[in-house]
>>> print(open('query-v8.txt').read())   # compact mmCIF, C-alpha atoms and all ligand atoms
# COMPACT_ATOMS: atom_id res chain seq x y z
CA MET A 1 268.42 109.27 67.49
CA SER A 2 265.43 107.57 65.93
CA ALA A 3 265.16 103.82 65.40
CA ALA A 4 265.79 104.50 61.70
CA ASP A 5 269.22 105.99 62.56
CA ASP A 6 270.16 103.07 64.73
CA PRO A 7 271.66 100.27 62.63
CA SER A 8 270.94 97.63 65.27
CA ALA A 9 267.25 98.62 65.33
CA SER A 10 266.82 98.05 61.59
CA SER A 11 268.83 94.87 61.41
CA PRO A 12 266.98 92.12 59.53
CA THR A 13 268.03 89.81 62.34
CA ARG A 14 265.47 91.46 64.63
CA LEU A 15 262.84 88.83 64.05
CA PRO A 16 259.55 88.43 65.85
CA SER A 17 259.32 85.24 67.93
CA HIS A 18 255.57 85.05 67.45
CA VAL A 19 253.57 86.35 64.48
CA ALA A 20 249.75 86.51 64.50
CA ILE A 21 247.85 87.02 61.25
CA ILE A 22 244.27 87.90 60.30
CA MET A 23 244.09 86.36 56.87
CA ASP A 24 241.51 88.66 55.29
CA GLY A 25 240.46 89.35 51.72
CA ASN A 26 239.80 85.91 50.23
CA GLY A 27 236.28 86.80 49.14
CA ARG A 28 237.30 90.02 47.44
CA TRP A 29 240.23 88.27 45.73
CA ALA A 30 237.79 85.84 44.12
CA ARG A 31 235.16 88.46 43.31
CA ARG A 32 237.76 90.53 41.46
CA ARG A 33 238.28 87.51 39.27
CA LEU A 34 234.51 87.10 38.84
CA MET A 35 234.66 83.84 40.73
CA PRO A 36 232.70 82.61 43.76
CA ARG A 37 234.11 83.58 47.18
CA PHE A 38 234.99 79.99 47.88
CA VAL A 39 237.68 80.05 45.20
CA GLY A 40 239.37 82.77 47.25
CA HIS A 41 239.30 80.60 50.35
CA LYS A 42 240.95 77.79 48.41
CA ALA A 43 243.65 80.15 47.17
CA GLY A 44 244.05 81.29 50.78
CA VAL A 45 245.15 77.79 51.79
CA GLU A 46 248.04 78.04 49.33
CA ALA A 47 249.09 81.31 50.94
CA VAL A 48 249.07 79.61 54.35
CA ARG A 49 251.41 76.92 53.04
CA ASN A 50 253.87 79.53 51.75
CA ILE A 51 253.88 81.54 54.96
CA VAL A 52 254.37 78.44 57.12
CA VAL A 53 257.43 77.51 55.05
CA ALA A 54 258.68 81.11 55.19
CA CYS A 55 258.41 81.06 59.01
CA ARG A 56 260.41 77.83 59.13
CA GLU A 57 263.09 79.27 56.86
CA ARG A 58 263.31 82.52 58.79
CA GLY A 59 263.45 80.74 62.16
CA ILE A 60 260.23 82.21 63.57
CA GLY A 61 259.06 80.01 66.45
CA ALA A 62 255.32 80.63 66.55
CA LEU A 63 252.66 81.54 63.99
CA THR A 64 249.02 82.05 64.93
CA LEU A 65 246.47 82.28 62.13
CA PHE A 66 242.88 83.48 62.35
CA ALA A 67 240.99 81.01 60.18
CA PHE A 68 237.38 81.36 61.36
CA SER A 69 235.97 83.77 63.92
CA SER A 70 233.13 83.16 66.33
CA GLU A 71 231.25 85.76 64.27
CA ASN A 72 231.86 84.03 60.93
CA TRP A 73 228.97 81.62 61.62
CA GLN A 74 226.76 84.51 60.57
CA ARG A 75 227.89 84.11 56.97
CA PRO A 76 225.60 82.36 54.46
CA GLU A 77 225.14 78.72 55.36
CA GLU A 78 226.64 77.59 52.08
CA GLU A 79 229.89 79.52 52.64
CA VAL A 80 230.20 78.23 56.21
CA GLY A 81 229.66 74.64 55.02
CA LEU A 82 232.22 75.00 52.25
CA LEU A 83 234.73 76.50 54.68
CA MET A 84 234.32 73.61 57.11
CA ASP A 85 234.83 71.13 54.25
CA LEU A 86 237.90 73.04 53.14
CA PHE A 87 239.42 73.01 56.65
CA SER A 88 238.78 69.32 56.92
CA ALA A 89 240.29 68.49 53.53
CA ALA A 90 243.28 70.80 54.02
CA LEU A 91 244.02 69.29 57.42
CA GLU A 92 244.00 65.78 56.06
CA ARG A 93 246.15 66.73 53.10
CA GLU A 94 248.68 68.92 54.90
CA VAL A 95 249.57 66.78 57.92
CA GLY A 96 252.36 65.01 56.01
CA GLU A 97 253.82 68.33 54.87
CA LEU A 98 253.65 69.72 58.41
CA GLN A 99 255.50 66.65 59.65
CA HIS A 100 258.08 67.05 56.93
CA ASN A 101 258.63 70.69 57.98
CA ASN A 102 258.79 69.85 61.71
CA VAL A 103 255.67 71.95 62.40
CA ARG A 104 253.45 71.34 65.40
CA VAL A 105 249.83 72.30 64.83
CA CYS A 106 247.37 73.28 67.58
CA PHE A 107 243.85 74.66 67.43
CA ILE A 108 242.56 77.46 69.60
CA GLY A 109 238.90 78.39 69.98
CA ASP A 110 235.65 76.76 70.98
CA ARG A 111 235.71 73.29 69.42
CA SER A 112 232.29 72.29 70.67
CA ALA A 113 230.60 73.69 67.54
CA PHE A 114 232.47 71.47 65.05
CA GLY A 115 231.05 68.24 63.68
CA PRO A 116 232.58 64.89 64.70
CA GLY A 117 234.47 64.45 61.40
CA LEU A 118 236.30 67.77 61.63
CA THR A 119 236.90 67.34 65.37
CA ALA A 120 238.50 63.95 64.76
CA ARG A 121 240.78 65.40 62.07
CA ILE A 122 241.78 68.29 64.31
CA GLU A 123 242.69 65.90 67.12
CA ARG A 124 244.54 63.59 64.74
CA ALA A 125 246.60 66.44 63.33
CA GLU A 126 247.44 67.71 66.82
CA ARG A 127 248.47 64.24 67.98
CA ALA A 128 250.48 63.44 64.87
CA THR A 129 252.53 66.64 65.08
CA ALA A 130 252.78 66.93 68.89
CA ALA A 131 256.50 66.14 69.03
CA ASN A 132 257.54 68.65 66.32
CA ASP A 133 259.47 71.66 67.54
CA GLY A 134 260.41 73.67 64.44
CA LEU A 135 257.36 75.95 64.46
CA LEU A 136 254.22 76.07 66.59
CA LEU A 137 251.33 76.77 64.25
CA SER A 138 248.19 77.75 66.14
CA ILE A 139 245.01 77.88 64.11
CA ALA A 140 242.23 80.00 65.56
CA ALA A 141 238.96 78.39 64.54
CA ASN A 142 235.63 79.39 66.08
CA TYR A 143 237.81 81.72 68.08
CA GLY A 144 236.90 85.09 69.57
CA GLY A 145 239.00 87.22 71.91
CA ARG A 146 235.98 87.86 74.12
CA TRP A 147 235.20 84.14 74.24
CA ASP A 148 238.83 83.49 75.24
CA ILE A 149 238.72 85.96 78.14
CA THR A 150 235.32 84.64 79.23
CA GLN A 151 236.45 81.01 79.26
CA ALA A 152 239.55 81.98 81.24
CA VAL A 153 237.44 83.85 83.83
CA LYS A 154 235.12 80.84 84.09
CA ALA A 155 238.08 78.51 84.67
CA LEU A 156 239.43 80.74 87.44
CA CYS A 157 235.96 81.05 89.02
CA GLY A 158 235.77 77.24 89.06
CA GLN A 159 239.07 77.13 90.95
CA VAL A 160 237.80 79.70 93.44
CA GLN A 161 234.56 77.76 93.90
CA ARG A 162 236.49 74.56 94.62
CA GLY A 163 238.63 76.41 97.16
CA GLU A 164 241.81 75.98 95.08
CA LEU A 165 242.32 79.71 94.54
CA GLY A 166 241.59 82.87 96.53
CA VAL A 167 240.04 85.90 94.79
CA ALA A 168 242.98 87.97 96.01
CA ASP A 169 245.34 85.64 94.12
CA ILE A 170 243.79 86.51 90.76
CA ASP A 171 246.17 88.79 88.95
CA GLU A 172 247.14 89.45 85.32
CA ARG A 173 249.59 86.58 85.27
CA ARG A 174 246.96 84.09 86.41
CA LEU A 175 244.34 85.32 83.99
CA ALA A 176 246.87 85.23 81.14
CA GLY A 177 247.73 81.68 82.19
CA ALA A 178 244.12 80.57 81.70
CA LEU A 179 243.87 81.99 78.16
CA GLU A 180 244.53 80.18 74.92
CA LEU A 181 248.22 80.47 73.90
CA ALA A 182 249.21 80.74 77.58
CA ASN A 183 252.32 78.69 76.82
CA LEU A 184 253.58 81.19 74.22
CA PRO A 185 255.12 84.64 74.38
CA GLU A 186 252.54 87.23 73.30
CA PRO A 187 252.64 88.03 69.57
CA ASP A 188 255.41 90.47 68.63
CA LEU A 189 253.98 91.18 65.21
CA PHE A 190 250.33 91.24 64.11
CA ILE A 191 249.55 91.32 60.40
CA ARG A 192 246.15 91.95 58.86
CA THR A 193 245.80 91.63 55.12
CA GLY A 194 242.85 92.87 53.07
CA GLY A 195 242.98 96.56 53.95
CA GLU A 196 240.75 96.70 57.03
CA GLN A 197 242.36 98.23 60.09
CA ARG A 198 240.59 96.44 62.91
CA ILE A 199 241.13 93.54 65.28
CA SER A 200 237.76 91.82 64.62
CA ASN A 201 237.75 90.10 68.03
CA PHE A 202 241.10 88.31 67.50
CA LEU A 203 243.57 88.02 70.42
CA LEU A 204 242.22 90.93 72.47
CA TRP A 205 244.29 90.34 75.59
CA GLN A 206 247.41 89.00 73.93
CA LEU A 207 247.79 91.91 71.46
CA ALA A 208 248.17 94.54 74.21
CA TYR A 209 251.77 95.39 73.17
CA THR A 210 251.99 93.80 69.75
CA GLU A 211 253.22 95.81 66.76
CA LEU A 212 250.26 96.15 64.36
CA TYR A 213 250.88 95.91 60.61
CA PHE A 214 248.09 96.45 58.10
CA THR A 215 248.40 95.85 54.38
CA ALA A 216 245.93 96.21 51.52
CA THR A 217 247.29 93.03 49.93
CA LEU A 218 244.55 90.41 49.83
CA TRP A 219 245.41 87.20 51.68
CA PRO A 220 245.76 84.91 48.60
CA ASP A 221 248.32 87.41 47.22
CA PHE A 222 250.29 87.59 50.47
CA ASP A 223 253.49 85.87 49.40
CA ARG A 224 256.97 85.57 50.91
CA GLN A 225 257.98 88.95 49.57
CA ALA A 226 254.98 90.58 51.24
CA PHE A 227 255.81 88.71 54.44
CA ASP A 228 259.42 89.87 54.30
CA GLN A 229 258.18 93.42 53.89
CA ALA A 230 256.18 93.06 57.10
CA LEU A 231 259.22 91.59 58.86
CA GLY A 232 261.34 94.51 57.63
CA TRP A 233 258.76 96.97 58.98
CA TYR A 234 258.78 95.13 62.30
CA ALA A 235 262.57 95.26 62.52
CA GLN A 236 262.36 99.09 62.44
CA ARG A 237 259.95 99.40 65.35
CA GLU A 238 261.16 100.60 68.68
CA ARG A 239 259.27 98.64 71.31
CA ARG A 240 259.17 100.82 74.37
CA PHE A 241 256.59 99.06 76.58
CA GLY A 242 255.89 102.34 78.32
CA ARG A 243 259.54 103.35 78.72
CA THR A 244 261.34 106.21 76.96
CA SER A 245 263.77 105.82 74.05
CA GLU A 246 266.61 107.03 76.29
CA GLN A 247 265.89 104.31 78.84
CA LEU A 248 265.90 101.68 76.11
CA ARG A 249 269.29 102.81 74.86
CA GLN A 250 270.67 102.62 78.36
CA LEU A 251 269.23 99.14 78.83
CA ASN A 252 270.65 97.99 75.48
CA SER A 253 274.13 99.32 76.22
CA ALA A 254 274.21 97.84 79.74
C1 LIG B 301 238.96 85.85 55.26
O1 LIG B 301 238.54 86.32 54.02
C2 LIG B 301 238.60 84.40 55.45
C3 LIG B 301 237.58 84.14 56.47
C4 LIG B 301 237.01 85.04 57.23
C5 LIG B 301 237.20 82.76 56.65
P1 LIG B 301 237.10 86.90 53.80
O2 LIG B 301 236.18 85.78 53.44
O3 LIG B 301 236.66 87.69 54.97
O4 LIG B 301 237.30 87.83 52.56
P2 LIG B 301 236.69 89.26 52.32
O5 LIG B 301 237.05 90.11 53.49
O6 LIG B 301 235.20 89.08 52.21
O7 LIG B 301 237.30 89.72 51.04
C1 LIG B 302 238.28 88.25 60.41
O1 LIG B 302 237.87 88.53 59.12
C2 LIG B 302 238.23 86.79 60.67
C3 LIG B 302 239.12 85.94 59.88
C4 LIG B 302 240.00 86.32 59.01
C5 LIG B 302 239.02 84.55 60.16
P1 LIG B 302 236.39 89.03 58.79
O2 LIG B 302 236.33 89.28 57.33
O3 LIG B 302 235.40 88.08 59.34
O4 LIG B 302 236.30 90.38 59.63
P2 LIG B 302 235.29 91.60 59.52
O5 LIG B 302 233.91 91.02 59.57
O6 LIG B 302 235.54 92.27 58.21
O7 LIG B 302 235.62 92.47 60.68
MG MG B 303 236.84 89.66 55.49
>>> encode(input="query-v8.txt", output="structure tokens")
Amino acid sequence: MSAADDPSASSPTRLPSHVAIIMDGNGRWARRRLMPRFVGHKAGVEAVRNIVVACRERGIGALTLFAFSSENWQRPEEEVGLLMDLFSAALEREVGELQHNNVRVCFIGDRSAFGPGLTARIERAERATAANDGLLLSIAANYGGRWDITQAVKALCGQVQRGELGVADIDERRLAGALELANLPEPDLFIRTGGEQRISNFLLWQLAYTELYFTATLWPDFDRQAFDQALGWYAQRERRFGRTSEQLRQLNSA
């Protein structure tokens, strides 16, 4: 019997606990309208708002969004500057709404590259929403999966150097515990909008067993209906984690 034949496998109640999204396609969305790329980034913020609310309504506990990669600094200086201004303004403007929706916001990535103004706003937003428990919204900014693994290795090496940890004690669990998002279950569902089918240095370690969903829809057009479509696709997946379908059925009926 395939997952499609199994009513419990396709039940809309099979929701991911943690969704991770590469929000791609803002530039092309604007270009198609003969507008500067920045207009697409602005429209992208609206899409973020809708998806955050949709996660709250659906009861999804964690949402991780890729907002700016460690490689995005290579974009034209003007675009990078405008993006930083947009993050800063959006943060300031949205904190009230996040509070209202019981959303806790956290940033993952290397913060050392941000200016003092943006850093202060990031810290303020994190502090202001720290007690909210409706949805954990993690924003990946100046984030790279390779950076994440490297910083985790460095942290563990520091512990070894100080005599707090033996090399033999380093295992997957410990390394995972030193990564960003260590306090969260790994993403169940990954979504990339914009048509590209690649990871672009997002959560390299954490996506090991995540279901990968790619859609050509450009991020500013990714609305609740598009999100529900992704959730429906996810609900049909059979997550085997190396086991066989028969084993899963036995486990489920036990
Ligand atoms: C994603 O959209 C937003 C960021 C990377 C900040 P893009 O800006 O990559 O849009 P496309 O891929 O060029 O259309
Ligand atoms: C990935 O999108 C990063 C973000 C969405 C923040 P990119 O547009 O930068 O990815 P590539 O360069 O096409 O792989
Ligand atoms: Mg892109």
>>> closest_residue(input="query-v8.txt", among="A:Ile22, A:Val52, A:Val160, A:Ala90", to="ligand LIG 302 (chain B)", atoms="only C-alpha atoms and all ligand atoms")
A:Ile22
>>> closest_residue(input="query-v8.txt", among="A:Leu86, A:Leu218, A:Ala235, A:Ala120", to="ligand MG 303 (chain B)", atoms="all atoms listed in the file")
A:Leu218
>>> axis_aligned_box(input="query-v8.txt", around="segment 156-168 of chain A", padding_each_side="4 Å", output="JSON")
{"center_x": 238.8, "center_y": 81.3, "center_z": 92.3, "size_x": 16.4, "size_y": 21.4, "size_z": 17.7}
>>> closest_atom_pairs(input="query-v8.txt", of="chain A", to="ligand MG 303 (chain B)", cutoff="10 Å", atoms="only C-alpha atoms and all ligand atoms", output="tab-separated table")
residue	atom	partner	partner_atom	distance
A:Ile22	CA	B:MG303	MG	9.0
A:Met23	CA	B:MG303	MG	8.1
A:Asp24	CA	B:MG303	MG	4.8
A:Gly25	CA	B:MG303	MG	5.2
A:Asn26	CA	B:MG303	MG	7.1
A:Gly27	CA	B:MG303	MG	7.0
A:Arg28	CA	B:MG303	MG	8.1
A:Asn72	CA	B:MG303	MG	9.3
A:Thr193	CA	B:MG303	MG	9.2
A:Gly194	CA	B:MG303	MG	7.2
A:Gly195	CA	B:MG303	MG	9.4
A:Glu196	CA	B:MG303	MG	8.2
A:Ser200	CA	B:MG303	MG	9.4
A:Leu218	CA	B:MG303	MG	9.6
A:Trp219	CA	B:MG303	MG	9.7
>>> closest_atom_pairs(input="query-v8.txt", of="segment 78-112 of chain A", to="segment 136-156 of chain A", cutoff="9 Å", atoms="all atoms listed in the file", output="tab-separated table")
residue	atom	partner	partner_atom	distance
A:Val103	CA	A:Leu136	CA	6.1
A:Arg104	CA	A:Leu136	CA	4.9
A:Val105	CA	A:Leu137	CA	4.8
A:Cys106	CA	A:Ser138	CA	4.8
A:Phe107	CA	A:Ile139	CA	4.8
A:Ile108	CA	A:Ala140	CA	4.8
A:Gly109	CA	A:Tyr143	CA	4.0
A:Asp110	CA	A:Asn142	CA	5.6
A:Arg111	CA	A:Asn142	CA	7.0
>>> atom_distance(input="query-v8.txt", atom1="atom CA of Leu63 of chain A", atom2="atom CA of His18 of chain A")
5.7 Å
>>> closest_residue(input="query-v8.txt", among="A:Glu57, A:Gln206, A:Arg14, A:Gly177", to="Glu238 of chain A", atoms="all atoms listed in the file")
A:Arg14
>>> closest_residue(input="query-v8.txt", among="A:Thr129, A:Thr217, A:Gln74, A:Gln247", to="ligand LIG 302 (chain B)", atoms="all atoms listed in the file")
A:Gln74
>>> closest_residue(input="query-v8.txt", among="A:Glu46, A:Glu97, A:Glu71, A:Glu180", to="ligand LIG 302 (chain B)", atoms="only C-alpha atoms and all ligand atoms")
A:Glu71
>>> residues_around(input="query-v8.txt", residues="Arg240 of chain A", least_positions_apart="4", cutoff="12 Å", atoms="all atoms listed in the file", output="JSON, numbers by chain")
{"A": [3, 209, 210, 211, 244, 245, 246, 247, 248, 249, 251, 252]}
>>> write_last_selection(input="query-v8.txt", atoms="C-alpha atoms", output="short mmCIF file (atom, residue, chain, number, x, y, z; two decimals), in the frame of the given file")
data_model
loop_
_atom_site.label_atom_id
_atom_site.label_comp_id
_atom_site.auth_asym_id
_atom_site.auth_seq_id
_atom_site.Cartn_x
_atom_site.Cartn_y
_atom_site.Cartn_z
CA ALA A 3 265.16 103.82 65.40
CA TYR A 209 251.77 95.39 73.17
CA THR A 210 251.99 93.80 69.75
CA GLU A 211 253.22 95.81 66.76
CA THR A 244 261.34 106.21 76.96
CA SER A 245 263.77 105.82 74.05
CA GLU A 246 266.61 107.03 76.29
CA GLN A 247 265.89 104.31 78.84
CA LEU A 248 265.90 101.68 76.11
CA ARG A 249 269.29 102.81 74.86
CA LEU A 251 269.23 99.14 78.83
CA ASN A 252 270.65 97.99 75.48
#
>>> atom_distance(input="query-v8.txt", atom1="atom CA of Asn101 of chain A", atom2="atom CA of Gly44 of chain A")
19.4 Å
>>> residues_near_point(input="query-v8.txt", point="(244.2, 81.2, 91.4)", cutoff="7 Å", atoms="only C-alpha atoms", output="VMD selection string")
chain A and resid 156 159 to 160 164 to 166 169 to 170 174
>>> atom_distance(input="query-v8.txt", atom1="atom CA of Phe38 of chain A", atom2="atom CA of Gln225 of chain A")
24.7 Å
>>> residues_around(input="query-v8.txt", residues="Leu135 of chain A", least_positions_apart="2", cutoff="6 Å", atoms="all atoms listed in the file", output="PDB file with C-alpha atoms, keeping the file's coordinate frame")
ATOM      1  CA  GLY A  61     259.060  80.010  66.450  1.00  0.00           C
ATOM      2  CA  ALA A  62     255.320  80.630  66.550  1.00  0.00           C
ATOM      3  CA  VAL A 103     255.670  71.950  62.400  1.00  0.00           C
ATOM      4  CA  ASP A 133     259.470  71.660  67.540  1.00  0.00           C
TER       5      ASP A 133
END
>>> closest_residue(input="query-v8.txt", among="A:Gly115, A:Phe190, A:Gly134, A:Phe202", to="ligand LIG 301 (chain B)", atoms="all atoms listed in the file")
A:Phe202
>>> decode(input="query-v8.txt", residues="segment 63-92 of chain A", atoms="N, CA and C atoms", output="PDB file, in the first residue's frame")
ATOM      1  N   LEU A  63       9.138  28.214  12.482  1.00  0.00           N
ATOM      2  CA  LEU A  63       9.324  28.638  11.087  1.00  0.00           C
ATOM      3  C   LEU A  63      10.698  29.276  10.986  1.00  0.00           C
ATOM      4  N   THR A  64      11.518  28.775  10.063  1.00  0.00           N
ATOM      5  CA  THR A  64      12.853  29.345   9.878  1.00  0.00           C
ATOM      6  C   THR A  64      12.955  29.878   8.457  1.00  0.00           C
ATOM      7  N   LEU A  65      13.285  31.156   8.339  1.00  0.00           N
ATOM      8  CA  LEU A  65      13.300  31.825   7.035  1.00  0.00           C
ATOM      9  C   LEU A  65      14.703  32.269   6.661  1.00  0.00           C
ATOM     10  N   PHE A  66      15.098  31.973   5.432  1.00  0.00           N
ATOM     11  CA  PHE A  66      16.405  32.414   4.942  1.00  0.00           C
ATOM     12  C   PHE A  66      16.217  33.813   4.349  1.00  0.00           C
ATOM     13  N   ALA A  67      16.744  34.807   5.034  1.00  0.00           N
ATOM     14  CA  ALA A  67      16.541  36.189   4.614  1.00  0.00           C
ATOM     15  C   ALA A  67      17.752  36.756   3.878  1.00  0.00           C
ATOM     16  N   PHE A  68      18.951  36.322   4.291  1.00  0.00           N
ATOM     17  CA  PHE A  68      20.175  36.870   3.683  1.00  0.00           C
ATOM     18  C   PHE A  68      21.303  35.876   3.925  1.00  0.00           C
ATOM     19  N   SER A  69      21.893  35.399   2.837  1.00  0.00           N
ATOM     20  CA  SER A  69      22.930  34.372   2.998  1.00  0.00           C
ATOM     21  C   SER A  69      24.303  35.012   3.148  1.00  0.00           C
ATOM     22  N   SER A  70      25.247  34.220   3.642  1.00  0.00           N
ATOM     23  CA  SER A  70      26.614  34.737   3.771  1.00  0.00           C
ATOM     24  C   SER A  70      27.187  35.077   2.395  1.00  0.00           C
ATOM     25  N   GLU A  71      26.598  34.525   1.343  1.00  0.00           N
ATOM     26  CA  GLU A  71      27.068  34.815  -0.017  1.00  0.00           C
ATOM     27  C   GLU A  71      26.388  36.058  -0.610  1.00  0.00           C
ATOM     28  N   ASN A  72      25.274  36.480  -0.008  1.00  0.00           N
ATOM     29  CA  ASN A  72      24.535  37.608  -0.584  1.00  0.00           C
ATOM     30  C   ASN A  72      25.283  38.946  -0.470  1.00  0.00           C
ATOM     31  N   TRP A  73      26.355  38.983   0.335  1.00  0.00           N
ATOM     32  CA  TRP A  73      27.162  40.222   0.391  1.00  0.00           C
ATOM     33  C   TRP A  73      27.795  40.514  -0.960  1.00  0.00           C
ATOM     34  N   GLN A  74      27.866  39.487  -1.805  1.00  0.00           N
ATOM     35  CA  GLN A  74      28.492  39.682  -3.119  1.00  0.00           C
ATOM     36  C   GLN A  74      27.573  40.422  -4.091  1.00  0.00           C
ATOM     37  N   ARG A  75      26.368  40.698  -3.689  1.00  0.00           N
ATOM     38  CA  ARG A  75      25.454  41.447  -4.570  1.00  0.00           C
ATOM     39  C   ARG A  75      25.903  42.906  -4.666  1.00  0.00           C
ATOM     40  N   PRO A  76      25.373  43.651  -5.639  1.00  0.00           N
ATOM     41  CA  PRO A  76      25.759  45.063  -5.758  1.00  0.00           C
ATOM     42  C   PRO A  76      25.556  45.798  -4.426  1.00  0.00           C
ATOM     43  N   GLU A  77      26.479  46.677  -4.139  1.00  0.00           N
ATOM     44  CA  GLU A  77      26.473  47.377  -2.855  1.00  0.00           C
ATOM     45  C   GLU A  77      25.132  48.054  -2.584  1.00  0.00           C
ATOM     46  N   GLU A  78      24.563  48.596  -3.643  1.00  0.00           N
ATOM     47  CA  GLU A  78      23.288  49.322  -3.456  1.00  0.00           C
ATOM     48  C   GLU A  78      22.184  48.365  -2.987  1.00  0.00           C
ATOM     49  N   GLU A  79      22.121  47.181  -3.599  1.00  0.00           N
ATOM     50  CA  GLU A  79      21.079  46.216  -3.205  1.00  0.00           C
ATOM     51  C   GLU A  79      21.297  45.751  -1.756  1.00  0.00           C
ATOM     52  N   VAL A  80      22.554  45.504  -1.404  1.00  0.00           N
ATOM     53  CA  VAL A  80      22.834  45.058  -0.033  1.00  0.00           C
ATOM     54  C   VAL A  80      22.412  46.150   0.957  1.00  0.00           C
ATOM     55  N   GLY A  81      22.756  47.392   0.645  1.00  0.00           N
ATOM     56  CA  GLY A  81      22.401  48.512   1.532  1.00  0.00           C
ATOM     57  C   GLY A  81      20.891  48.631   1.688  1.00  0.00           C
ATOM     58  N   LEU A  82      20.191  48.534   0.566  1.00  0.00           N
ATOM     59  CA  LEU A  82      18.727  48.647   0.618  1.00  0.00           C
ATOM     60  C   LEU A  82      18.121  47.485   1.415  1.00  0.00           C
ATOM     61  N   LEU A  83      18.689  46.306   1.255  1.00  0.00           N
ATOM     62  CA  LEU A  83      18.181  45.146   2.008  1.00  0.00           C
ATOM     63  C   LEU A  83      18.369  45.349   3.510  1.00  0.00           C
ATOM     64  N   MET A  84      19.531  45.843   3.902  1.00  0.00           N
ATOM     65  CA  MET A  84      19.783  46.076   5.331  1.00  0.00           C
ATOM     66  C   MET A  84      18.779  47.107   5.883  1.00  0.00           C
ATOM     67  N   ASP A  85      18.545  48.168   5.099  1.00  0.00           N
ATOM     68  CA  ASP A  85      17.580  49.186   5.534  1.00  0.00           C
ATOM     69  C   ASP A  85      16.182  48.580   5.660  1.00  0.00           C
ATOM     70  N   LEU A  86      15.862  47.713   4.716  1.00  0.00           N
ATOM     71  CA  LEU A  86      14.535  47.082   4.720  1.00  0.00           C
ATOM     72  C   LEU A  86      14.377  46.172   5.943  1.00  0.00           C
ATOM     73  N   PHE A  87      15.414  45.393   6.270  1.00  0.00           N
ATOM     74  CA  PHE A  87      15.352  44.526   7.454  1.00  0.00           C
ATOM     75  C   PHE A  87      15.109  45.373   8.683  1.00  0.00           C
ATOM     76  N   SER A  88      15.892  46.445   8.763  1.00  0.00           N
ATOM     77  CA  SER A  88      15.837  47.295   9.939  1.00  0.00           C
ATOM     78  C   SER A  88      14.435  47.900  10.111  1.00  0.00           C
ATOM     79  N   ALA A  89      13.913  48.436   9.007  1.00  0.00           N
ATOM     80  CA  ALA A  89      12.592  49.076   9.062  1.00  0.00           C
ATOM     81  C   ALA A  89      11.510  48.040   9.366  1.00  0.00           C
ATOM     82  N   ALA A  90      11.601  46.882   8.718  1.00  0.00           N
ATOM     83  CA  ALA A  90      10.573  45.848   8.908  1.00  0.00           C
ATOM     84  C   ALA A  90      10.576  45.363  10.353  1.00  0.00           C
ATOM     85  N   LEU A  91      11.772  45.217  10.906  1.00  0.00           N
ATOM     86  CA  LEU A  91      11.875  44.753  12.299  1.00  0.00           C
ATOM     87  C   LEU A  91      11.169  45.712  13.238  1.00  0.00           C
ATOM     88  N   GLU A  92      11.497  46.983  13.051  1.00  0.00           N
ATOM     89  CA  GLU A  92      10.920  48.013  13.914  1.00  0.00           C
ATOM     90  C   GLU A  92       9.395  48.015  13.809  1.00  0.00           C
TER      91      GLU A  92
END
